[in-house]
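Following: one structure in structure tokens, then a few remarks.
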Amino acid sequence: VAVGILDVDLCGPSIPRMLCVGRQDVHQCDAGWVPVYTDAQKSLALMSIGFLLENPDDAVVWRGPKKTALIGQFVSDVAWGELDFLLVDTPPGTSDEHLAVVENLRKHKVDGAILVTTPQAVSTGDVRREITFCKKTGLRILGIVENMSGFVCPHCSECSNIFSKGGGEELAKLSGSPFLGCIPLDPQLSTSVEEGKDFIQAFPESATFSAISHIAQAVLANIAAA
Amino acid sequence: MADVPSDAPEHCPGTSSVEAGKTSACQGCPNQRICASGAARTPDPAIEEIKQKMASVKHKILVLSGKGGVGKSTFSAQLVYGLASDTSTEVALLDVDICGPSIPKMMGLEGEQVVDYSLCSLFQYVEDNLAVMSIGFLLSSPDDAVIWRGPKKNGMIKQFLRDVDWGELDYLIVDTPPGTSDEHLSVVQYLSGAGVDGAIIITTPQELSLQDVRKEIGFCRKVKLPIIGVVENMSGFVCPKCKNTSQIFPPTTGGAEKMCSDMQLPLLGQVPLDPRIGKSCDEGRSFLSLEAESPAAAAFSSIIQSEFMCNQTVL
């Protein structure tokens, strides 16, 4: 399966670090910009402004129109090749980046959006507005994920709901969207993404992996059912 | 918005933007030549007007983060609760997160009736000495989305700062969305005449957050915004049952402490994770008041009273 990730969080591009591709240059070919591959098999292709910065600490201090223009280029000028899936990672909000992605991808088939929330009301409160954005722009909602959902103490196994619990599921019910599942807080997941390690390879027995896997299956089923 | 002419194309950056006449959207616009020459870019008179309006505001502080979800609005809420606990201190919290205005909920003001649609009605009072302003008060339903591009957001922020009678304030705290974009540039630009004391930057211990904080620091230096210091949120979790500490967001590269040391910036404090913080925010109540004995409240209080809140800022 060939997958691409397009990182349109221009001010805070985390995808390069999370997938351990650090300082990479983006090259041109006849077909356009060559995405950065995470492995020799080219199973995962990435594009992020993080690859275009001279220094990873450089701030991208751009107003909306400039962000919109680059996102347009990311969609039209990157030679993605044959992909089974293209995931687009967005920053929080309902503004330039989100409109740019929807408008530029409109002529291609967009399967839909996955909305991620923490269980807290303050978070679901914003995701309700994101749901409205999807409805207004004609984006199908593939489902809602409740992230950071509970923490199991590694010492005594007591579960603490640090960011509350159940808000994502409640939001899904309220909005008539599919609820995809909960992912717990997991220091091993945090460390893996920090260090760009493949969490799924490293911790296949973990409850977190099981949760993520279940969600992925649900997303695939929703796409197939469309 | 005043500086997007009626004959401008979609995605016009605005005639007062530094990119006026130069973006791809400008191609073919009848105003392109004028804009590109810089002639259209006169200093916005709003800057002087805002300077006048802000003359009665003693301290203006921005709360920034690079990354979303690090607890910036949570911190802003506790900061104003803490500052306003002295009833002789006049405090206002301005929420410029136009797309994700969570401040009304955190301050217990969700669902407040907007009397009319004038800007004065955007001021809602938590206490006599604590006022909050947010676009959230204009949204009639919790499902309403503000789907605005940059120029429209900038116009709203200008109105917030220029058209409101701020009155006599000891502190104006400005809560921002994550990033280094329109909202941040506009707040800094429009307050450039009035002067901002500085910015507090919020992070978690993770390198993924610090990576974006360094960009935020770069932004501050670029726009000459002094940095009051950095707050590390979500810094460890003490299990309520066994009392062992877990680093849920591990400081794989040394956390804010190392970053501040490397960049010679003050670390104002570290606030641990505590489920009661989120609960208080969801209920719109002051965590500082409700759980005053907790380690997290002690951490917040210590930051608020920190000497760095009293004008010692670092550029």
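Following the order of the structure tokens, first chain is A, next is B, and so on, with residues numbered from 1 inside each chain and ligands from 1 in the order they appear.
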
Exercise: Pro187 (chain A) partners within 7 Å, only C-alpha atoms, chain neighbours under 4 positions left out, as an MDAnalysis selection string: (chainID A and resid 191) or (chainID B and resid 247:250)

Go ahead and write the selection's residues with C-alpha atoms as a PDB file, in the first residue's frame.
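To be explicit, this is the file written out as out-v3.pdb:
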```pdb
ATOM      1  CA  THR A 191       8.375   9.139  22.856  1.00  0.00           C
TER       2      THR A 191
ATOM      3  CA  GLN B 247       6.233  11.760  32.164  1.00  0.00           C
ATOM      4  CA  ILE B 248       3.341  11.414  29.753  1.00  0.00           C
ATOM      5  CA  PHE B 249       4.925  13.943  27.389  1.00  0.00           C
ATOM      6  CA  PRO B 250       8.578  13.043  27.925  1.00  0.00           C
TER       7      PRO B 250
END
```

With the cut-off set at 9 Å and counting only C-alpha atoms, tabulate each residue of region 187-223 of chain A with an atom at most that distance from an atom of region 143-165 of chain A, showing the nearest atom pair and its distance in Å to one decimal, ordered by chain and increasing number, as CSV.
```
residue,atom,partner,partner_atom,distance
A:Ile215,CA,A:Val145,CA,7.8
A:Ala218,CA,A:Gly143,CA,8.7
A:Val219,CA,A:Gly143,CA,7.4
A:Asn222,CA,A:Gly143,CA,8.4
```

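Each of A:Leu105, A:Val21, A:Val3, A:Val60 was compared to Phe219 (chain B) using only C-alpha atoms, and A:Val60 turns out to be the nearest.
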
Could you please select, counting only C-alpha atoms, the residues of chain A within 7 Å of chain B and state them as a PyMOL selection string? chain A and resi 11-12+14+57-66+92-96+120-122+125-126+128-130+132-133+153+156+158+161-164+186-187+190-191+194

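Between CA of Thr203 (chain B) and CA of Glu232 (chain B) the separation is 5.0 Å.
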
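The gap separating CA of Gln41 (chain A) from CA of Gln188 (chain A) is 26.4 Å, in Å to one decimal.
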
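When DSSP reads the backbone of this structure, the residues of region 89-151 of chain A it assigns to strand (DSSP E) are Asp89, Ala113, Ile114, Leu115, Val116, Thr117, Ile141, Leu142, Gly143, Ile144, Val145, Glu146 and Phe151 of chain A.
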
Can you tell me which residues surround Pro272 (chain B) at a distance of at most 7 Å, considering only C-alpha atoms, apart from same-chain residues fewer than 3 positions away, and format the answer as a ChimeraX atom specification? /B:233-237,296

Filtering to all heavy atoms, could you give me those residues as an mmCIF file, in the first residue's frame?
```cif
data_model
loop_
_atom_site.group_PDB
_atom_site.id
_atom_site.type_symbol
_atom_site.label_atom_id
_atom_site.label_comp_id
_atom_site.auth_asym_id
_atom_site.auth_seq_id
_atom_site.Cartn_x
_atom_site.Cartn_y
_atom_site.Cartn_z
ATOM 1 N N ASN B 233 3.939 23.483 30.340
ATOM 2 C CA ASN B 233 2.686 22.881 30.802
ATOM 3 C C ASN B 233 2.782 21.365 30.683
ATOM 4 O O ASN B 233 3.651 20.840 29.978
ATOM 5 C CB ASN B 233 1.575 23.359 29.861
ATOM 6 C CG ASN B 233 0.473 24.066 30.603
ATOM 7 O OD1 ASN B 233 0.437 24.071 31.826
ATOM 8 N ND2 ASN B 233 -0.426 24.668 29.855
ATOM 9 N N MET B 234 1.862 20.677 31.317
ATOM 10 C CA MET B 234 1.768 19.204 31.185
ATOM 11 C C MET B 234 3.097 18.559 31.568
ATOM 12 O O MET B 234 3.541 17.580 30.956
ATOM 13 C CB MET B 234 1.358 18.823 29.754
ATOM 14 C CG MET B 234 0.096 19.537 29.319
ATOM 15 S SD MET B 234 -0.637 18.873 27.830
ATOM 16 C CE MET B 234 -1.835 20.160 27.441
ATOM 17 N N SER B 235 3.693 19.123 32.619
ATOM 18 C CA SER B 235 5.035 18.721 33.013
ATOM 19 C C SER B 235 4.961 17.641 34.082
ATOM 20 O O SER B 235 5.088 17.908 35.274
ATOM 21 C CB SER B 235 5.744 19.976 33.545
ATOM 22 O OG SER B 235 7.096 19.767 33.723
ATOM 23 N N GLY B 236 4.698 16.424 33.652
ATOM 24 C CA GLY B 236 4.641 15.328 34.605
ATOM 25 C C GLY B 236 3.251 15.106 35.177
ATOM 26 O O GLY B 236 2.434 16.022 35.249
ATOM 27 N N PHE B 237 2.979 13.878 35.578
ATOM 28 C CA PHE B 237 1.676 13.533 36.161
ATOM 29 C C PHE B 237 1.900 12.637 37.364
ATOM 30 O O PHE B 237 2.562 11.603 37.260
ATOM 31 C CB PHE B 237 0.805 12.806 35.125
ATOM 32 C CG PHE B 237 -0.501 12.319 35.694
ATOM 33 C CD1 PHE B 237 -1.464 13.219 36.138
ATOM 34 C CD2 PHE B 237 -0.773 10.960 35.794
ATOM 35 C CE1 PHE B 237 -2.665 12.775 36.682
ATOM 36 C CE2 PHE B 237 -1.977 10.503 36.320
ATOM 37 C CZ PHE B 237 -2.921 11.420 36.773
ATOM 38 N N ALA B 296 -0.446 21.986 41.052
ATOM 39 C CA ALA B 296 -0.600 22.731 39.797
ATOM 40 C C ALA B 296 -0.993 24.173 40.079
ATOM 41 O O ALA B 296 -0.493 25.105 39.438
ATOM 42 C CB ALA B 296 -1.626 22.046 38.900
#
```

Per DSSP on the backbone, filter region 7-226 of chain A down to the residues in helix (DSSP H, G or I) and report them as number ranges by chain. A: 15-18, 49-51, 64-77, 96-105, 121-137, 167-175, 187-195, 199-202, 207-225

For Phe300 (chain B), find every residue with an atom within 9 Å (counting only C-alpha atoms), except residues of its own chain fewer than 4 positions away, and show them as JSON, numbers by chain. {"B": [75, 78, 79, 82, 269, 270, 271, 288, 295, 296, 304, 305]}

Give me, as JSON, numbers by chain, all polymer residues having an atom no more than 12 Å from Ala2 (chain A), counting only C-alpha atoms and skipping those fewer than 4 positions away in the same chain. {"A": [37, 38, 39, 41, 42, 43, 44, 45, 46, 80, 81, 82, 83, 84, 85, 86, 87]}

Output C-alpha atoms of each residue in that selection to a file, as a tab-separated table (two decimals), in the first residue's frame.
```tsv
chain	number	residue	atom	x	y	z
A	37	TYR	CA	10.22	9.03	1.06
A	38	THR	CA	10.65	7.42	4.45
A	39	ASP	CA	12.05	4.19	3.04
A	41	GLN	CA	10.35	0.90	-0.92
A	42	LYS	CA	8.69	4.33	-1.26
A	43	SER	CA	5.68	3.11	0.68
A	44	LEU	CA	5.31	6.43	2.50
A	45	ALA	CA	5.71	9.75	0.67
A	46	LEU	CA	5.79	13.04	2.54
A	80	TRP	CA	3.00	12.00	-5.74
A	81	GLY	CA	2.94	9.13	-8.19
A	82	GLU	CA	0.59	6.22	-7.64
A	83	LEU	CA	-0.85	6.41	-4.14
A	84	ASP	CA	-3.52	4.34	-2.46
A	85	PHE	CA	-4.08	7.04	0.16
A	86	LEU	CA	-3.15	10.68	0.58
A	87	LEU	CA	-3.57	11.97	4.13
```

From CA of Gln73 (chain A) to CA of Lys107 (chain A) the spacing works out at 14.5 Å

Give me the residues near region 38-52 of chain B as a ChimeraX atom specification, where near means some atom within 6 Å (using only C-alpha atoms) and where sequence neighbours in that chain fewer than 5 positions away do not count. /B:15-16,162,190,193-194

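Nearest-residue note for Thr124 (chain A): choosing from A:Thr90, A:Asn55, A:Asn104, A:Ser175, the minimum distance belongs to A:Ser175, counting only C-alpha atoms.
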
Could you give me, as a list in words, the residues within 10 Å of Leu267 (chain B), counting only C-alpha atoms and dropping anything in the same chain fewer than 5 positions from it? Ile200, Ile201, Ile228, Gly229, Val230, Val231, Glu232, Ala256, Glu257, Lys258, Met259, Cys260, Ser261, Ile303 and Phe308 of chain B

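Restricting the calculation to only C-alpha atoms, the smallest distance between Asp86 (chain B) and any of B:Lys53, B:Asp128, B:Leu109, B:Gly254 is found for B:Asp128.
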